[in-house]
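The structure appears right after this line, and notes come after that.
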Amino acid sequence: MNHITNPLPDKFRAIVTTEGEDGVFRSNISLRKLSDLPQHAVLIRVLFSGLNYKDALSATGHKGITRKYPHTPGIDAAGLVVKSETSDFKPGDEVIVTGYDLGMNTSGGLAEYICVPAAWIVKRPGNLTLEESMIIGTSGFTAASAVYEIYKHGINPEDGNILVSGATGAVGSAAVVMLAQAGYKVIASSGKPEEYNFLKSIGASEVIERDTLNDQSGRGLLPARWVAALDTVGGNTLSTILLSTKERGLVANCGMIASDKLQVPVFPFIIRGVRLIGIASADTPMPRRLEIWKLISEIIKPEKISLLKTTISLEEVPEALHRMKNAATKGKMLVKISN
Ligand SMILES: NC(=O)c1ccc[n+]([C@@H]2O[C@H](COP(=O)([O-])OP(=O)(O)OC[C@H]3O[C@@H](n4cnc5c(N)ncnc54)[C@H](OP(=O)(O)O)[C@@H]3O)[C@@H](O)[C@H]2O)c1
């Protein structure tokens with residue numbers, strides 16, 4: 001089956017990252033042809049995207065993310081199907097794509113069009129609008145994956161506090177909102193004292209200074225302060241978090257903003273039975289992906305989602321990606337692409 005709507009444009013606007021002869025990667029808006037896109041089953045007109053740390057890495061030439069340039073980054077996109085070679089989707093369907101290979105080695109969502117395999121597409125989840133689904137995007141989905149693990153392991157609000165590190169970031173702030181909405185007391189760790197009020201406004205019960213998660217005592221265990229944590233930072237922050245987790249607690253790590261190394265005594269595991277869980281959201285299998293989107297749409301209130309967003313245009317993306325690489329952003333940068 002091949003559905004086509006209105007005449008398609010010859011060219012469309014997209015962020016394109018190129019490698020200069022000086023070895024520096026630069027991102028600008030360019031016009032691209034639809035025929036430049038990979039030939040997959042579903043063509044989507046993108047209405048919203050959002051920035052993720054991976055986009056900042058892709059836009060600065062991180063070859064572990066993107067191998068070939070010129071390239072259009074953007075691991076998230078939400079929009080309308082305009083052409084479909086499968087009966088699973090028809091023109092006009094409101095859909096989102098987060099993760100898989102989008103924006104990595106497949107032309108990404110920071111563009112007016114994407115063309116992707118049907119297996120990557122999720123119909124607009126529950127009661128979320130397309131805009132809200134992109135305020136959440138991969139970062140919020142990652143945060144929700146941690147909430148899902150906390151639920152699955154039977155950790156309830158009365159069992160203790162939950163720590164979130166890198167709390168003003170896109171993943172951290174979404175985690176603070178969702179955990180608070182789910183009834184947990186959240187301790188937010190942040191290196192931005194000027195944003196403590198923001199963190200409280202989105203649901204943090206307590207905010208602690210980032211440096212307090214950098215234990216240098218050499219001890220095998222520290223006083224237990226939380227029953228679960230989502231760590232976006234890695235390195236000695238993750239180690240300190242593990243050492244400070246209560247018996248039978250759970251620590252989910254998704255990131256490595258400070259370091260991709262982990263050196264930690266085994267005592268949290270063999271004495272307190274602490275569980276360390278990895279979160280890898282990009283390739284989440286579809287059945288679990290749908291469960292997590294359902295969880296998101298059940299626990300998060302729209303008025304709380306909107307507190308996380310700063311809306312920018314495609315023109316503002318290059319500068320915003322630069323700020324994101326330097327971890328100088330707060331909450332989620334929503335990119336409004338077309339009407
Ligand atoms: N595994 C997955 O599936 C997955 C999915 C999405 C993202 N991630 C990863 O998760 C991490 C966070 O992503 P994000 O989108 O939230 O990034 P982000 O929006 O840039 O936020 C990162 C936050 O980390 C904190 N931070 C910055 N520098 C730090 C340092 N040197 N030490 C400690 N904390 C620091 C800052 O928050 P404060 O100032 O509040 O401390 C910053 O806002 C990244 O490593 C990203 O690659 C993984």
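If you're wondering about the labels, chains in the structure tokens are A, B, ... by order shown, residues count from 1 in each chain, ligands from 1 in order shown.
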
_Taking only C-alpha atoms and all ligand atoms and a cut-off of 6 Å, can you tell me which residues surround ligand 1, written as a ChimeraX atom specification?_
/A:52-54,138-139,142,166-172,189-192,210,232-233,254-258,279-282,324,327,329-330

Store the residues picked out above, limited to C-alpha atoms, as an mmCIF file, in the first residue's frame.
data_model
loop_
_atom_site.group_PDB
_atom_site.id
_atom_site.type_symbol
_atom_site.label_atom_id
_atom_site.label_comp_id
_atom_site.auth_asym_id
_atom_site.auth_seq_id
_atom_site.Cartn_x
_atom_site.Cartn_y
_atom_site.Cartn_z
ATOM 1 C CA ASN A 52 19.306 15.620 23.626
ATOM 2 C CA TYR A 53 22.924 15.354 24.764
ATOM 3 C CA LYS A 54 23.507 12.787 21.985
ATOM 4 C CA THR A 138 14.346 10.519 24.604
ATOM 5 C CA SER A 139 15.453 12.301 27.774
ATOM 6 C CA THR A 142 15.045 7.589 29.714
ATOM 7 C CA GLY A 166 22.348 16.145 37.063
ATOM 8 C CA ALA A 167 18.887 17.268 38.094
ATOM 9 C CA THR A 168 18.584 20.422 35.989
ATOM 10 C CA GLY A 169 19.495 18.491 32.822
ATOM 11 C CA ALA A 170 16.944 17.138 30.362
ATOM 12 C CA VAL A 171 16.931 13.610 31.829
ATOM 13 C CA GLY A 172 17.289 14.756 35.442
ATOM 14 C CA SER A 189 21.568 17.053 43.086
ATOM 15 C CA SER A 190 22.665 20.057 41.065
ATOM 16 C CA GLY A 191 25.701 22.218 40.391
ATOM 17 C CA LYS A 192 23.496 25.237 39.641
ATOM 18 C CA ARG A 210 26.635 18.497 43.232
ATOM 19 C CA THR A 232 23.100 10.789 34.764
ATOM 20 C CA VAL A 233 26.679 11.676 35.694
ATOM 21 C CA CYS A 254 21.998 6.225 32.169
ATOM 22 C CA GLY A 255 24.779 8.738 31.644
ATOM 23 C CA MET A 256 28.365 9.789 31.837
ATOM 24 C CA ILE A 257 28.293 13.582 31.870
ATOM 25 C CA ALA A 258 31.308 13.653 34.229
ATOM 26 C CA ILE A 279 19.363 2.190 31.250
ATOM 27 C CA ALA A 280 19.788 1.991 27.467
ATOM 28 C CA SER A 281 16.719 3.667 26.049
ATOM 29 C CA ALA A 282 17.526 3.955 22.330
ATOM 30 C CA MET A 324 24.128 21.706 25.585
ATOM 31 C CA ALA A 327 26.026 21.270 30.010
ATOM 32 C CA THR A 329 21.113 24.200 29.614
ATOM 33 C CA LYS A 330 18.161 23.652 31.928
#

Neighbour list for Gly23 in chain A as a PDB file with N, CA and C atoms, in the first residue's frame, cut-off 12 Å, only C-alpha atoms, skip fewer than 5 positions in-chain:
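The resulting file, selection37.pdb, is shown below:
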ATOM      1  N   THR A  18      28.562  19.688   9.174  1.00  0.00           N
ATOM      2  CA  THR A  18      29.641  19.333   8.230  1.00  0.00           C
ATOM      3  C   THR A  18      30.989  19.427   8.946  1.00  0.00           C
ATOM      4  N   THR A  60      29.077  17.559  17.067  1.00  0.00           N
ATOM      5  CA  THR A  60      30.470  17.966  17.274  1.00  0.00           C
ATOM      6  C   THR A  60      31.434  16.854  16.840  1.00  0.00           C
ATOM      7  N   GLY A  61      30.920  15.951  16.002  1.00  0.00           N
ATOM      8  CA  GLY A  61      31.820  14.992  15.353  1.00  0.00           C
ATOM      9  C   GLY A  61      32.188  13.776  16.181  1.00  0.00           C
ATOM     10  N   TYR A  69      29.678  12.389   7.739  1.00  0.00           N
ATOM     11  CA  TYR A  69      29.162  13.759   7.610  1.00  0.00           C
ATOM     12  C   TYR A  69      29.284  14.148   6.141  1.00  0.00           C
TER      13      TYR A  69
END

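Here CA of Leu110 in chain A stands at a distance of 27.2 Å from CA of Ile202 in chain A.
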
Give me, as a tab-separated table, the closest atom pair and its distance (Å, one decimal) for every residue of range 172-232 of chain A within a cut-off of 10 Å of range 260-267 of chain A, counting only C-alpha atoms, rows sorted by chain and rising number.
residue	atom	partner	partner_atom	distance
A:Gly218	CA	A:Pro265	CA	8.9
A:Arg219	CA	A:Pro265	CA	8.3
A:Gly220	CA	A:Pro265	CA	5.6
A:Leu221	CA	A:Phe267	CA	6.5

*Identify all residues of range 64-252 of chain A in helix (DSSP H, G or I) (DSSP on the backbone) and supply them as a PyMOL selection string.*
chain A and resi 118-120+130-152+157-159+170-181+193-201+210-213+235-243

*asked:* Measuring between only C-alpha atoms, which one of A:Leu179, A:Val317, A:Leu307, A:Ile337 shows the shortest distance to Gly79 in chain A?
replied: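 Residue with the minimum atom-to-atom distance to Gly79 in chain A: A:Ile337.
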
_Among listed residues A:Asn161, A:Asn127, A:Ser338, A:Ser27, nearest Thr245 in chain A (using only C-alpha atoms)_ = A:Asn161

*Residue neighbourhood Gln39 in chain A, 10 Å, only C-alpha atoms, exclusion window fewer than 2 positions, as a ChimeraX atom specification*: /A:34-37,41-43,114-117

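Residue nearest Tyr148 in chain A within the list A:Ala182, A:Val46, A:Gly74, A:Gly20: A:Ala182 [criterion: smallest interatomic distance, only C-alpha atoms].
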
_From the options A:Gly160, A:Pro9, A:Gly99, A:Gly278, which residue's atoms come nearest to Gly249 in chain A, counting only C-alpha atoms?_
A:Gly160

With only C-alpha atoms counted and 8 Å as the cut-off, give the residues of range 90-158 of chain A in contact with range 223-231 of chain A, each with its shortest interatomic distance in Å and the pair that gives it, as CSV.
residue,atom,partner,partner_atom,distance
A:Ala143,CA,A:Leu230,CA,7.7
A:Ala146,CA,A:Leu230,CA,6.6
A:Ile150,CA,A:Ala228,CA,7.3
A:Ile155,CA,A:Val227,CA,7.8

_For Leu31 in chain A: contacts at 9 Å, only C-alpha atoms, fewer than 3 positions along chain excluded, given as a list of chain:residue names_ =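 After dropping sequence-adjacent residues, the list is A:Lys11, A:Phe12, A:Arg13, A:Ala14, A:Ile15, A:Val16.
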
So that I have them on file, write out the residues from the current selection with C-alpha atoms, as an mmCIF file, in the first residue's frame.
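What ended up in out23.cif:
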data_model
loop_
_atom_site.group_PDB
_atom_site.id
_atom_site.type_symbol
_atom_site.label_atom_id
_atom_site.label_comp_id
_atom_site.auth_asym_id
_atom_site.auth_seq_id
_atom_site.Cartn_x
_atom_site.Cartn_y
_atom_site.Cartn_z
ATOM 1 C CA LYS A 11 13.346 20.914 -0.800
ATOM 2 C CA PHE A 12 13.068 21.143 2.963
ATOM 3 C CA ARG A 13 14.948 22.862 5.778
ATOM 4 C CA ALA A 14 17.283 20.834 7.946
ATOM 5 C CA ILE A 15 20.195 21.297 10.311
ATOM 6 C CA VAL A 16 23.262 19.955 8.537
#

_Nearest residue to Leu321 in chain A out of A:Leu334, A:Ile96, A:Leu47, A:Ala56, using only C-alpha atoms?_
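Closest residue, counting only C-alpha atoms: A:Ala56.
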
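Relative to CA of Ser244 in chain A, CA of Ser259 in chain A is found at 19.0 Å.
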
*From the list A:Asp93, A:Glu298, A:Asp22, A:Asp101, which residue is nearest Asp283 in chain A when using only C-alpha atoms?*
A:Asp101

_List the spatial neighbours of Met178 in chain A as a list of chain:residue names - criterion: any atom at most 8 Å away, only C-alpha atoms, same-chain residues fewer than 3 positions off excluded._
A:Ala143, A:Ala144, A:Val147, A:Ala174, A:Ala175, A:Gln181, A:Ala182, A:Ile296, A:Ile299, A:Ile300

Would you put the residues from that selection into a file with C-alpha atoms, as a tab-separated table (two decimals), in the first residue's frame?
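The new file out.tsv reads:
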chain	number	residue	atom	x	y	z
A	143	ALA	CA	13.91	9.08	33.02
A	144	ALA	CA	10.69	7.07	32.76
A	147	VAL	CA	10.89	5.04	37.13
A	174	ALA	CA	12.08	14.92	33.70
A	175	ALA	CA	12.95	12.36	36.39
A	181	GLN	CA	4.13	13.06	40.42
A	182	ALA	CA	4.32	9.35	41.27
A	296	ILE	CA	4.54	8.47	31.18
A	299	ILE	CA	1.86	9.79	35.74
A	300	ILE	CA	2.80	13.16	34.29
